[in-house]
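The next block is upload-v1.txt, given as compact mmCIF, C-alpha atoms and all ligand atoms.
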# COMPACT_ATOMS: atom_id res chain seq x y z
CA MET A 1487 29.06 -49.31 6.72
CA ILE A 1488 28.64 -46.35 9.09
CA THR A 1489 31.30 -44.41 7.19
CA THR A 1490 29.56 -44.98 3.86
CA LYS A 1491 26.28 -43.83 5.38
CA ARG A 1492 27.90 -40.69 6.76
CA VAL A 1493 29.49 -39.88 3.41
CA LEU A 1494 26.11 -40.29 1.75
CA ILE A 1495 24.42 -38.01 4.31
CA VAL A 1496 27.13 -35.36 3.96
CA ALA A 1497 26.91 -35.58 0.17
CA SER A 1498 23.14 -35.21 0.17
CA ILE A 1499 23.29 -32.27 2.61
CA ALA A 1500 25.85 -30.59 0.34
CA PHE A 1501 23.62 -31.24 -2.69
CA MET A 1502 20.56 -29.84 -0.90
CA ALA A 1503 22.58 -26.84 0.19
CA VAL A 1504 23.63 -26.14 -3.39
CA MET A 1505 20.04 -26.52 -4.58
CA LEU A 1506 18.75 -24.22 -1.83
CA TYR A 1507 21.49 -21.70 -2.57
CA GLN A 1508 20.63 -21.68 -6.26
CA TRP A 1509 16.92 -21.49 -5.53
CA GLY A 1510 17.52 -18.53 -3.25
CA HIS A 1511 19.45 -16.71 -5.96
CA LEU A 1512 17.12 -17.56 -8.83
CA ASP A 1513 14.28 -16.35 -6.66
CA GLY A 1514 16.03 -13.02 -6.19
CA ARG A 1515 16.14 -13.47 -2.43
CA GLU A 1516 19.91 -13.19 -1.99
CA GLY A 1517 20.95 -10.87 0.81
CA LYS A 1518 23.97 -8.62 1.17
CA SER A 1519 26.14 -11.13 3.04
CA SER A 1520 26.64 -14.76 2.13
CA GLY A 1521 23.72 -16.00 4.26
CA LEU A 1522 23.46 -19.25 6.21
CA ILE A 1523 23.37 -21.53 3.18
CA GLY A 1524 26.40 -19.79 1.68
CA GLU A 1525 28.28 -20.20 4.95
CA LEU A 1526 27.39 -23.88 5.09
CA ILE A 1527 28.90 -24.35 1.66
CA ALA A 1528 31.92 -22.17 2.40
CA ALA A 1529 32.84 -23.91 5.64
CA GLU A 1530 35.66 -26.41 5.14
CA SER A 1531 35.04 -27.69 8.62
CA PRO A 1532 32.24 -26.84 11.05
CA PRO A 1533 32.91 -23.72 13.20
CA LYS A 1534 33.98 -24.54 16.76
CA VAL A 1535 31.52 -22.06 18.30
CA SER A 1536 28.10 -21.03 17.05
CA PRO A 1537 28.20 -17.80 14.97
CA VAL A 1538 27.49 -14.44 16.65
CA LYS A 1539 27.25 -12.25 13.54
CA THR A 1540 23.98 -11.30 11.88
CA ARG A 1541 23.00 -12.81 8.58
CA ALA A 1542 21.18 -10.91 5.82
CA ARG A 1543 17.41 -10.91 6.29
CA ASP A 1544 15.16 -12.17 3.54
CA PHE A 1545 12.22 -10.03 4.65
CA TYR A 1546 11.65 -6.30 4.72
CA ALA A 1547 11.53 -4.68 8.14
CA PRO A 1548 9.92 -1.23 7.81
CA ASN A 1549 12.15 1.70 8.78
CA SER A 1550 15.29 -0.42 8.59
CA GLU A 1551 16.64 0.04 5.05
CA ASP A 1552 17.96 2.99 3.07
CA LEU A 1553 16.57 3.50 -0.40
CA ARG A 1554 19.25 4.02 -3.03
CA PRO A 1555 18.99 7.24 -5.08
CA ASP A 1556 18.06 5.20 -8.18
CA GLU A 1557 15.67 2.80 -6.43
CA MET A 1558 11.88 2.47 -6.13
CA ARG A 1559 10.19 0.57 -3.31
CA LEU A 1560 6.58 -0.52 -3.72
CA ILE A 1561 4.56 -1.94 -0.83
CA ALA A 1562 1.18 -3.66 -1.16
CA CYS A 1563 -0.94 -2.10 1.60
CA GLY A 1564 -4.12 -3.71 0.27
CA THR A 1565 -4.74 -6.35 -2.39
CA GLY A 1566 -8.23 -7.64 -1.61
CA MET A 1567 -11.88 -7.03 -2.29
CA PRO A 1568 -14.77 -4.77 -1.21
CA THR A 1569 -15.70 -7.47 1.30
CA ALA A 1570 -13.47 -6.76 4.29
CA ARG A 1571 -11.35 -9.57 5.75
CA PRO A 1572 -8.49 -9.61 8.28
CA LYS A 1573 -5.88 -10.99 5.87
CA GLN A 1574 -6.32 -8.55 3.01
CA ALA A 1575 -7.25 -4.87 3.03
CA ALA A 1576 -8.65 -3.51 -0.22
CA SER A 1577 -6.55 -1.87 -2.95
CA CYS A 1578 -3.72 0.34 -1.69
CA TRP A 1579 -0.16 0.73 -2.98
CA LEU A 1580 2.58 2.80 -1.40
CA LEU A 1581 5.35 3.88 -3.76
CA GLU A 1582 8.59 5.33 -2.36
CA LEU A 1583 11.25 6.81 -4.62
CA GLY A 1584 14.96 7.26 -4.00
CA ASN A 1585 14.51 11.04 -4.27
CA GLY A 1586 12.35 10.94 -1.11
CA ASP A 1587 8.96 11.27 -2.83
CA LYS A 1588 6.15 9.03 -1.68
CA PHE A 1589 2.79 8.36 -3.34
CA ILE A 1590 -0.26 6.38 -2.32
CA PHE A 1591 -2.29 4.78 -5.11
CA ASP A 1592 -5.81 3.98 -3.86
CA VAL A 1593 -6.62 3.75 -0.19
CA GLY A 1594 -9.19 0.96 0.02
CA THR A 1595 -11.06 -0.32 3.03
CA GLY A 1596 -8.72 -1.41 5.83
CA SER A 1597 -5.53 -0.12 4.22
CA ALA A 1598 -4.78 2.72 6.68
CA GLU A 1599 -3.42 0.24 9.22
CA ARG A 1600 -1.09 -1.28 6.60
CA ILE A 1601 0.18 2.22 5.77
CA ALA A 1602 0.74 2.82 9.50
CA ALA A 1603 2.78 -0.39 9.72
CA MET A 1604 5.36 1.14 7.34
CA GLN A 1605 6.30 3.73 9.99
CA ILE A 1606 6.62 6.62 7.55
CA PRO A 1607 6.10 10.10 9.04
CA TYR A 1608 2.65 11.30 7.93
CA ASN A 1609 3.93 14.64 6.66
CA TYR A 1610 5.39 12.67 3.75
CA LEU A 1611 2.16 10.78 3.09
CA ASP A 1612 0.23 13.73 1.67
CA LYS A 1613 -0.28 12.61 -1.95
CA VAL A 1614 -3.03 10.14 -2.85
CA PHE A 1615 -4.07 9.07 -6.35
CA LEU A 1616 -7.50 7.43 -6.71
CA SER A 1617 -8.26 5.11 -9.63
CA HIS A 1618 -12.03 5.32 -9.01
CA LEU A 1619 -14.59 5.85 -6.31
CA HIS A 1620 -15.54 2.31 -5.27
CA THR A 1621 -15.02 1.93 -1.52
CA ASP A 1622 -12.49 -0.86 -2.02
CA HIS A 1623 -10.32 1.85 -3.65
CA PHE A 1624 -10.95 4.86 -1.41
CA GLY A 1625 -12.86 3.59 1.64
CA ASP A 1626 -10.06 4.32 4.13
CA LEU A 1627 -9.42 7.87 2.94
CA ASP A 1628 -11.20 9.21 6.02
CA ALA A 1629 -8.97 7.11 8.30
CA LEU A 1630 -5.79 8.33 6.54
CA PHE A 1631 -7.08 11.91 6.57
CA VAL A 1632 -7.97 12.15 10.27
CA GLY A 1633 -5.50 9.63 11.67
CA GLY A 1634 -2.68 11.08 9.57
CA ALA A 1635 -3.43 14.63 10.75
CA LEU A 1636 -3.53 13.49 14.36
CA ALA A 1637 -0.22 11.64 13.95
CA GLY A 1638 1.80 14.44 12.34
CA ARG A 1639 0.59 15.40 8.87
CA GLN A 1640 0.77 19.16 9.30
CA LYS A 1641 -0.49 20.01 5.84
CA PRO A 1642 -3.62 19.36 3.76
CA LEU A 1643 -4.04 15.97 2.13
CA ARG A 1644 -3.68 16.26 -1.65
CA VAL A 1645 -5.83 13.92 -3.73
CA TRP A 1646 -5.80 13.33 -7.49
CA GLY A 1647 -8.75 11.59 -9.07
CA PRO A 1648 -10.93 11.49 -12.17
CA LYS A 1649 -13.83 13.77 -13.02
CA GLY A 1650 -17.02 11.83 -13.54
CA ASP A 1651 -19.26 11.87 -16.57
CA THR A 1652 -21.39 14.15 -14.37
CA PRO A 1653 -20.04 16.43 -11.60
CA GLU A 1654 -21.80 14.25 -8.96
CA ARG A 1655 -19.84 11.20 -10.06
CA GLY A 1656 -16.47 12.96 -9.85
CA THR A 1657 -13.71 12.85 -7.21
CA LYS A 1658 -14.25 16.47 -6.08
CA TYR A 1659 -17.92 15.86 -5.32
CA ALA A 1660 -17.12 12.69 -3.37
CA LEU A 1661 -14.36 14.34 -1.32
CA ASP A 1662 -16.27 17.57 -0.65
CA HIS A 1663 -19.05 15.42 0.75
CA LEU A 1664 -16.68 13.16 2.65
CA PHE A 1665 -15.26 16.30 4.26
CA LYS A 1666 -18.80 17.40 5.12
CA ALA A 1667 -19.49 13.98 6.62
CA LEU A 1668 -16.51 14.60 8.92
CA THR A 1669 -17.95 17.91 10.20
CA TRP A 1670 -18.53 16.62 13.73
CA ASP A 1671 -15.15 14.84 13.87
CA ILE A 1672 -13.20 17.91 12.78
CA ALA A 1673 -15.25 20.35 14.90
CA GLY A 1674 -14.50 18.22 17.95
CA ARG A 1675 -10.76 18.61 17.40
CA ALA A 1676 -10.79 22.41 16.92
CA GLY A 1677 -8.76 24.16 19.58
CA ILE A 1678 -7.36 20.87 20.87
CA THR A 1679 -4.91 19.66 18.19
CA ASP A 1680 -2.65 21.14 15.49
CA PRO A 1681 -5.28 22.25 12.93
CA ARG A 1682 -3.13 22.19 9.79
CA GLY A 1683 -3.84 18.62 8.71
CA TYR A 1684 -7.61 18.98 8.98
CA GLN A 1685 -8.02 21.49 6.15
CA PRO A 1686 -10.32 20.41 3.30
CA PHE A 1687 -8.86 17.91 0.82
CA GLU A 1688 -6.90 19.61 -1.96
CA VAL A 1689 -8.46 17.83 -4.91
CA THR A 1690 -7.04 17.84 -8.43
CA GLU A 1691 -9.58 16.42 -10.84
CA PHE A 1692 -8.64 15.42 -14.35
CA ASP A 1693 -10.51 14.14 -17.39
CA TYR A 1694 -10.96 10.38 -17.18
CA LYS A 1695 -10.92 10.30 -20.99
CA GLY A 1696 -7.40 11.73 -21.06
CA VAL A 1697 -5.12 9.25 -22.83
CA ASN A 1698 -1.61 9.28 -21.38
CA LYS A 1699 -2.11 12.92 -20.34
CA ILE A 1700 0.13 14.33 -17.61
CA ILE A 1701 -1.76 14.87 -14.34
CA TYR A 1702 1.25 15.41 -12.06
CA GLN A 1703 4.77 16.64 -12.69
CA GLU A 1704 7.05 17.62 -9.80
CA ASN A 1705 10.58 16.90 -8.66
CA GLY A 1706 11.45 14.73 -11.68
CA VAL A 1707 8.32 12.58 -11.33
CA THR A 1708 5.71 12.44 -14.09
CA ILE A 1709 2.35 10.76 -13.58
CA ARG A 1710 -0.05 10.19 -16.45
CA SER A 1711 -3.54 8.72 -16.56
CA ILE A 1712 -5.26 6.42 -19.03
CA PRO A 1713 -8.95 5.48 -19.10
CA ALA A 1714 -10.24 2.21 -17.63
CA ILE A 1715 -13.45 0.29 -18.40
CA HIS A 1716 -15.26 -0.60 -15.19
CA SER A 1717 -18.87 -0.27 -13.96
CA LEU A 1718 -19.45 3.27 -15.30
CA ASP A 1719 -17.49 5.93 -17.11
CA GLY A 1720 -14.85 7.44 -14.80
CA PRO A 1721 -12.21 4.90 -13.64
CA VAL A 1722 -8.57 5.33 -14.68
CA SER A 1723 -5.12 3.77 -14.34
CA PHE A 1724 -1.84 5.58 -13.62
CA ILE A 1725 1.61 5.53 -15.17
CA VAL A 1726 4.55 6.85 -13.13
CA GLU A 1727 7.88 7.68 -14.73
CA TRP A 1728 10.93 8.65 -12.72
CA ASN A 1729 14.65 8.30 -13.22
CA GLY A 1730 14.31 5.98 -16.21
CA LEU A 1731 11.92 3.65 -14.34
CA LYS A 1732 8.28 3.09 -15.26
CA PHE A 1733 5.65 1.94 -12.77
CA VAL A 1734 2.05 1.28 -13.79
CA PHE A 1735 -0.86 1.04 -11.39
CA GLY A 1736 -3.96 -0.41 -12.98
CA GLY A 1737 -7.24 0.24 -11.21
CA ASP A 1738 -10.28 -1.94 -11.83
CA THR A 1739 -10.93 -2.50 -15.52
CA TYR A 1740 -11.98 -4.80 -18.29
CA PRO A 1741 -8.77 -5.32 -20.28
CA ASN A 1742 -8.35 -2.23 -22.45
CA LYS A 1743 -6.29 -0.95 -25.36
CA TRP A 1744 -4.86 2.00 -23.45
CA TYR A 1745 -3.24 -0.22 -20.84
CA ALA A 1746 -1.95 -2.54 -23.58
CA LYS A 1747 -0.30 0.42 -25.33
CA TYR A 1748 0.91 2.71 -22.56
CA ALA A 1749 1.92 0.17 -19.91
CA LYS A 1750 4.23 -1.47 -22.43
CA ASP A 1751 7.71 -2.30 -21.19
CA ALA A 1752 6.98 -1.10 -17.67
CA ASP A 1753 9.50 -2.06 -15.05
CA LEU A 1754 6.60 -3.09 -12.84
CA ALA A 1755 2.97 -3.28 -13.99
CA ILE A 1756 0.09 -3.85 -11.57
CA HIS A 1757 -3.21 -4.97 -13.08
CA GLU A 1758 -6.32 -6.34 -11.45
CA CYS A 1759 -6.89 -10.09 -11.73
CA PHE A 1760 -10.27 -11.03 -10.36
CA VAL A 1761 -11.46 -14.06 -8.39
CA ALA A 1762 -11.96 -16.99 -10.79
CA VAL A 1763 -15.61 -17.52 -11.79
CA PRO A 1764 -16.00 -20.99 -10.15
CA ASP A 1765 -14.83 -19.52 -6.80
CA LEU A 1766 -17.17 -16.55 -7.18
CA ILE A 1767 -20.03 -19.06 -7.36
CA THR A 1768 -18.97 -21.54 -4.66
CA LYS A 1769 -17.15 -19.26 -2.19
CA PHE A 1770 -18.63 -15.82 -2.81
CA LYS A 1771 -22.11 -17.30 -3.40
CA PHE A 1772 -22.65 -15.35 -6.61
CA THR A 1773 -25.25 -16.66 -9.04
CA PRO A 1774 -23.58 -18.23 -12.11
CA GLN A 1775 -24.90 -15.33 -14.22
CA GLY A 1776 -23.61 -12.76 -11.73
CA ALA A 1777 -20.23 -14.51 -11.47
CA LEU A 1778 -19.75 -14.47 -15.24
CA ALA A 1779 -20.78 -10.82 -15.52
CA VAL A 1780 -18.68 -9.53 -12.60
CA GLY A 1781 -15.74 -11.93 -12.94
CA THR A 1782 -15.20 -11.53 -16.68
CA GLN A 1783 -16.96 -8.34 -17.88
CA ILE A 1784 -16.75 -5.74 -15.06
CA HIS A 1785 -13.30 -7.01 -14.04
CA THR A 1786 -10.36 -8.90 -15.56
CA ALA A 1787 -10.43 -12.70 -15.48
CA PRO A 1788 -7.07 -14.40 -14.72
CA GLU A 1789 -6.69 -15.67 -18.31
CA ALA A 1790 -7.34 -12.13 -19.59
CA PHE A 1791 -4.79 -10.75 -17.11
CA GLY A 1792 -2.24 -13.15 -18.60
CA LYS A 1793 -3.10 -12.17 -22.15
CA MET A 1794 -2.72 -8.48 -21.26
CA MET A 1795 0.68 -9.09 -19.64
CA SER A 1796 1.84 -11.00 -22.72
CA LEU A 1797 1.15 -7.81 -24.68
CA VAL A 1798 2.68 -5.42 -22.14
CA LYS A 1799 5.73 -7.55 -21.28
CA PRO A 1800 6.71 -5.82 -18.04
CA ARG A 1801 9.85 -6.73 -16.12
CA MET A 1802 7.45 -7.74 -13.35
CA ALA A 1803 3.70 -8.29 -13.63
CA VAL A 1804 1.67 -7.94 -10.43
CA ALA A 1805 -1.81 -9.47 -10.08
CA TYR A 1806 -4.21 -8.40 -7.31
CA HIS A 1807 -7.91 -8.09 -6.42
CA PHE A 1808 -8.57 -11.70 -5.50
CA PHE A 1809 -8.73 -13.49 -2.16
CA LYS A 1810 -5.35 -15.15 -2.02
CA ASP A 1811 -5.72 -18.38 -0.06
CA PHE A 1812 -4.09 -21.80 0.02
CA ASP A 1813 -6.77 -23.13 -2.30
CA THR A 1814 -7.14 -20.16 -4.68
CA THR A 1815 -3.50 -19.26 -5.37
CA GLY A 1816 -2.70 -22.38 -7.40
CA PRO A 1817 -5.78 -22.20 -9.63
CA ILE A 1818 -5.32 -18.43 -10.25
CA ASN A 1819 -1.68 -19.06 -11.16
CA ASP A 1820 -2.64 -21.95 -13.48
CA ARG A 1821 -5.22 -19.81 -15.26
CA ILE A 1822 -2.75 -16.93 -15.73
CA ARG A 1823 -0.11 -19.35 -16.98
CA THR A 1824 -2.36 -20.48 -19.84
CA THR A 1825 -1.74 -17.05 -21.43
CA TYR A 1826 1.43 -15.61 -19.84
CA ASP A 1827 4.83 -17.06 -19.01
CA GLY A 1828 6.77 -13.97 -17.90
CA PRO A 1829 7.78 -12.74 -14.42
CA LEU A 1830 4.78 -12.67 -12.09
CA SER A 1831 3.91 -11.72 -8.52
CA LEU A 1832 0.56 -12.82 -7.11
CA ALA A 1833 0.19 -9.96 -4.68
CA GLU A 1834 -0.80 -10.19 -1.06
CA ASP A 1835 -0.77 -7.57 1.66
CA TYR A 1836 2.73 -6.55 2.84
CA MET A 1837 4.47 -7.79 -0.29
CA VAL A 1838 7.42 -5.49 -1.15
CA TRP A 1839 9.20 -4.86 -4.44
CA ASN A 1840 12.57 -3.10 -4.66
CA ILE A 1841 13.06 -1.95 -8.23
CA THR A 1842 16.23 -0.72 -9.91
CA LYS A 1843 17.35 -0.87 -13.52
CA ASP A 1844 19.32 -4.06 -12.77
CA ASP A 1845 17.15 -5.92 -10.31
CA ILE A 1846 13.65 -6.45 -8.96
CA ARG A 1847 13.66 -8.00 -5.53
CA VAL A 1848 10.39 -9.36 -4.12
CA ARG A 1849 9.96 -9.95 -0.41
CA MET A 1850 7.40 -9.83 2.35
CA ALA A 1851 7.40 -7.14 5.03
CA ILE A 1852 7.36 -8.28 8.63
CA TYR A 1853 5.57 -5.61 10.59
CA ASP A 1854 5.17 -4.63 14.22
CA GLU A 1855 1.64 -5.21 15.52
CA ASP A 1856 2.39 -2.78 18.34
CA VAL A 1857 3.42 0.11 16.09
CA TRP A 1858 2.94 3.69 17.38
CA PRO A 1859 2.89 6.80 15.20
CA PRO A 1860 6.30 7.77 13.79
CA PRO A 1861 7.80 11.05 15.03
CA ALA A 1862 6.37 14.23 13.50
CA THR A 1863 8.81 15.93 11.16
CA GLU A 1864 7.82 19.47 12.19
CA LYS A 1865 7.16 21.06 15.54
CA PRO A 1866 3.43 20.93 16.26
CA GLN A 1867 1.54 24.20 16.04
CA LEU A 1868 -0.17 24.86 19.34
CA PRO A 1869 -3.94 25.02 18.91
CA ASP A 1870 -5.87 28.17 19.68
CA PRO A 1871 -8.02 27.32 22.71
CA SER A 1872 -10.52 30.02 21.71
CA ALA A 1873 -11.33 27.90 18.62
CA ARG A 1874 -12.76 25.21 20.86
CA ILE A 1875 -16.52 24.70 20.65
CA PRO A 1876 -17.80 24.57 24.23
CA TYR A 1877 -20.12 21.96 25.70
CA SER A 1878 -23.60 23.11 26.56
CA LYS A 1879 -24.30 23.90 30.23
CA PHE A 1880 -26.47 20.79 30.37
CA ILE A 1881 -23.68 18.44 29.23
CA VAL A 1882 -20.86 20.02 31.24
CA GLY A 1883 -23.14 19.94 34.27
CA GLY A 1884 -23.05 16.14 34.08
CA LYS A 1885 -19.31 15.84 34.84
CA SER A 1886 -18.45 13.64 37.79
CA ASP A 1887 -15.94 15.12 40.21
CA MET A 1888 -12.56 13.67 39.22
CA LYS A 1889 -10.37 16.78 39.77
CA ASP A 1890 -8.66 15.32 42.83
CA VAL A 1891 -7.53 12.14 41.08
CA ILE A 1892 -6.51 13.88 37.84
CA GLN A 1893 -4.56 16.74 39.50
CA PRO A 1894 -1.47 14.61 40.26
CA THR A 1895 -1.09 13.96 36.49
CA TYR A 1896 -1.24 17.72 35.84
CA ASP A 1897 1.34 18.31 38.59
CA GLU A 1898 3.66 15.65 37.19
CA ILE A 1899 3.47 16.88 33.57
CA ASN A 1900 3.66 20.59 34.49
CA LYS A 1901 6.77 19.92 36.55
CA LYS A 1902 8.43 17.68 33.95
CA TYR A 1903 7.83 20.04 31.00
CA GLY A 1904 7.86 23.43 32.81
CA LEU A 1905 4.19 24.17 32.12
CA SER A 1906 1.34 25.66 34.12
CA GLU A 1907 -1.65 23.85 32.59
CA LYS A 1908 -4.92 23.82 34.50
CA GLN A 1909 -7.90 21.49 34.38
CA ASP A 1910 -11.00 22.73 32.49
ZN ZN B 1 -14.18 -1.00 -8.69
ZN ZN B 2 -12.07 -2.97 -6.86

So that I can check it, write out the structure of this file as structure tokens.
Ligand SMILES: [Zn+2]
Ligand SMILES: [Zn+2]
Amino acid sequence: MITTKRVLIVASIAFMAVMLYQWGHLDGREGKSSGLIGELIAAESPPKVSPVKTRARDFYAPNSEDLRPDEMRLIACGTGMPTARPKQAASCWLLELGNGDKFIFDVGTGSAERIAAMQIPYNYLDKVFLSHLHTDHFGDLDALFVGGALAGRQKPLRVWGPKGDTPERGTKYALDHLFKALTWDIAGRAGITDPRGYQPFEVTEFDYKGVNKIIYQENGVTIRSIPAIHSLDGPVSFIVEWNGLKFVFGGDTYPNKWYAKYAKDADLAIHECFVAVPDLITKFKFTPQGALAVGTQIHTAPEAFGKMMSLVKPRMAVAYHFFKDFDTTGPINDRIRTTYDGPLSLAEDYMVWNITKDDIRVRMAIYDEDVWPPPATEKPQLPDPSARIPYSKFIVGGKSDMKDVIQPTYDEINKKYGLSEKQD
């Protein structure tokens, strides 16, 4: 009796193991080594001691993996909405290529901390492409600009974005004024930090009506733009081609003919997929009229996302721009699946795609909450103290006397680094 039971248990464990193993492989989650499930199957008899070797991870740990020369890695650094929430920053996508190039597509509200979590030296994060000028697509540009300069970007931040239908609605106008808004911030750093990262944005504007026109071509990478239909004239989407791979980043849009044509056969195609209308009414507290207008006319409804992807047929379709919760994910998926049955990722922050010609692997990144800035890649340029803007006599006259308690820190650092720094 006991023996029969044991046989049954062993048989069902073996069956489950096979199912789990197959699921893992069908899901594209297989690691480099055999993994725990594989070892369970392989073992003729249980090992006498518990294993001491590592197993392949099924998550992405930033700064822990080489990128192959023919590989792209895409990281979702923001997938949410203009309404800030802890779980999802707004639109931001970090693309890394095997040739070393890195590009940021959109830098929406809250995304700078997700970028920081990837531990990439800021000198390499100097190229940003903006789909349009809603804050959920460029609201953290100031944080990336100042924080990046402080943490080792020793060059200007380059930004590509569309011209508007008037100069005031264009990217250059927005960024010139954002730079002006940072006047006090930047003035307060003069003479104290390496000044090279705080130069004005280097903006390249292009015609939003350009259809598949090249807006960037360097180092084997070609980026084109296509128009989008969203709120006003001006928004665009981007198409990146490199090394035989095609990546498409769709900004906000009503489904449009340019995306249908030029995103075709992409290896990975991102397109917005908005919160379903019933949730806009009950959760977002939109009026029914407002929900219909915003959820289906200004943006792309899930069913329309599916229809678009059935036309484009990418190797991987990526949906974003909805609050992805336990009770919204299923309904969004069901709505998409009424019109599309191909490969699909419902994006959330920290989702990672590794893309080669043979494989697309989808995982989540596990990040370090306690992350510090990565090392600078160049020696810092010492600031010119004469560039410092002095306090007024009135303000400096308000200093409390702390020289005695601060001096030991000066002594310690001067001794350790061979300096002769003095207190102000
Ligand atoms: Zn928008
Ligand atoms: Zn948006």

Task: Neighbourhood of ligand ZN 1 (chain B) at 7 Å, counting all atoms listed in the file, reported as a PyMOL selection string - done: chain A and resi 1618+1620+1622-1623+1716+1738

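Closest approach to ligand ZN 2 (chain B) among A:His1807, A:Arg1682, A:Arg1675, A:Arg1823: A:His1807, based on all atoms listed in the file.
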
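Using only C-alpha atoms and all ligand atoms, the smallest distance between any of A:Gly1683, A:Pro1537, A:Gly1781, A:Gly1566 and ligand ZN 2 (chain B) comes from A:Gly1566.
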
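Among A:Asn1549, A:Asn1742, A:Ser1536, A:Thr1621, the residue with the shortest atom-to-atom distance to ligand ZN 2 (chain B), counting only C-alpha atoms and all ligand atoms, is A:Thr1621.
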
TODO: Please provide as a ChimeraX atom specification all residues within 12 Å of Lys1769 in chain A, with the sequence filter that same-chain residues fewer than 5 positions apart are discarded (counting only C-alpha atoms).
DONE: /A:1761-1764,1774,1777,1808-1809,1811,1813-1814

Taking (0.8, 12.3, 2.4) as a centre in this file's frame and 12 Å as the limit, can you find every polymer residue with an atom that close, using all atoms listed in the file, and give them as a PDB file with C-alpha atoms, in the frame of the given file?
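Output below, filename part.pdb:
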ATOM      1  CA  LEU A1580       2.580   2.800  -1.400  1.00  0.00           C
ATOM      2  CA  LEU A1581       5.350   3.880  -3.760  1.00  0.00           C
ATOM      3  CA  GLU A1582       8.590   5.330  -2.360  1.00  0.00           C
ATOM      4  CA  ASP A1587       8.960  11.270  -2.830  1.00  0.00           C
ATOM      5  CA  LYS A1588       6.150   9.030  -1.680  1.00  0.00           C
ATOM      6  CA  PHE A1589       2.790   8.360  -3.340  1.00  0.00           C
ATOM      7  CA  ILE A1590      -0.260   6.380  -2.320  1.00  0.00           C
ATOM      8  CA  PHE A1591      -2.290   4.780  -5.110  1.00  0.00           C
ATOM      9  CA  VAL A1593      -6.620   3.750  -0.190  1.00  0.00           C
ATOM     10  CA  ALA A1598      -4.780   2.720   6.680  1.00  0.00           C
ATOM     11  CA  ILE A1601       0.180   2.220   5.770  1.00  0.00           C
ATOM     12  CA  ALA A1602       0.740   2.820   9.500  1.00  0.00           C
ATOM     13  CA  ILE A1606       6.620   6.620   7.550  1.00  0.00           C
ATOM     14  CA  PRO A1607       6.100  10.100   9.040  1.00  0.00           C
ATOM     15  CA  TYR A1608       2.650  11.300   7.930  1.00  0.00           C
ATOM     16  CA  ASN A1609       3.930  14.640   6.660  1.00  0.00           C
ATOM     17  CA  TYR A1610       5.390  12.670   3.750  1.00  0.00           C
ATOM     18  CA  LEU A1611       2.160  10.780   3.090  1.00  0.00           C
ATOM     19  CA  ASP A1612       0.230  13.730   1.670  1.00  0.00           C
ATOM     20  CA  LYS A1613      -0.280  12.610  -1.950  1.00  0.00           C
ATOM     21  CA  VAL A1614      -3.030  10.140  -2.850  1.00  0.00           C
ATOM     22  CA  PHE A1615      -4.070   9.070  -6.350  1.00  0.00           C
ATOM     23  CA  LEU A1627      -9.420   7.870   2.940  1.00  0.00           C
ATOM     24  CA  LEU A1630      -5.790   8.330   6.540  1.00  0.00           C
ATOM     25  CA  PHE A1631      -7.080  11.910   6.570  1.00  0.00           C
ATOM     26  CA  VAL A1632      -7.970  12.150  10.270  1.00  0.00           C
ATOM     27  CA  GLY A1633      -5.500   9.630  11.670  1.00  0.00           C
ATOM     28  CA  GLY A1634      -2.680  11.080   9.570  1.00  0.00           C
ATOM     29  CA  ALA A1635      -3.430  14.630  10.750  1.00  0.00           C
ATOM     30  CA  ALA A1637      -0.220  11.640  13.950  1.00  0.00           C
ATOM     31  CA  GLY A1638       1.800  14.440  12.340  1.00  0.00           C
ATOM     32  CA  ARG A1639       0.590  15.400   8.870  1.00  0.00           C
ATOM     33  CA  GLN A1640       0.770  19.160   9.300  1.00  0.00           C
ATOM     34  CA  LYS A1641      -0.490  20.010   5.840  1.00  0.00           C
ATOM     35  CA  PRO A1642      -3.620  19.360   3.760  1.00  0.00           C
ATOM     36  CA  LEU A1643      -4.040  15.970   2.130  1.00  0.00           C
ATOM     37  CA  ARG A1644      -3.680  16.260  -1.650  1.00  0.00           C
ATOM     38  CA  VAL A1645      -5.830  13.920  -3.730  1.00  0.00           C
ATOM     39  CA  TRP A1646      -5.800  13.330  -7.490  1.00  0.00           C
ATOM     40  CA  GLY A1683      -3.840  18.620   8.710  1.00  0.00           C
ATOM     41  CA  PHE A1687      -8.860  17.910   0.820  1.00  0.00           C
ATOM     42  CA  GLU A1688      -6.900  19.610  -1.960  1.00  0.00           C
TER      43      GLU A1688
END

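Distances from A:Lys1843, A:Lys1799, A:Lys1865, A:His1757 to ligand ZN 2 (chain B) were compared using all atoms listed in the file, and the smallest one belongs to A:His1757.
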
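Each of A:Met1794, A:Leu1664, A:Leu1583, A:Ala1542 was checked against Trp1839 in chain A using only C-alpha atoms; the smallest atom-to-atom distance is that of A:Leu1583.
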
- [ ] Grab the CA of Ile1899 in chain A to CA of Ile1875 in chain A distance for me, in Å with one decimal place.
- [x] 25.1 Å

- [ ] Considering all atoms listed in the file, state which residue in the set A:Pro1861, A:Gly1720, A:Gly1564, A:Pro1871 is at the smallest distance from Pro1653 in chain A.
- [x] A:Gly1720

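Here CA of Trp1579 in chain A stands at a distance of 12.6 Å from CA of Glu1599 in chain A.
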
How big is the axis-aligned box, and where does its centre sit, when it encloses all atoms of range 1866-1874 of chain A listed in the file and has 4 Å added on every side, reported in Å to one decimal as AutoDock Vina command-line options?
--center_x -4.7 --center_y 25.5 --center_z 19.4 --size_x 24.2 --size_y 17.1 --size_z 14.7

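Take CA of Thr1782 in chain A and CA of Leu1766 in chain A: the distance between them is 10.9 Å.
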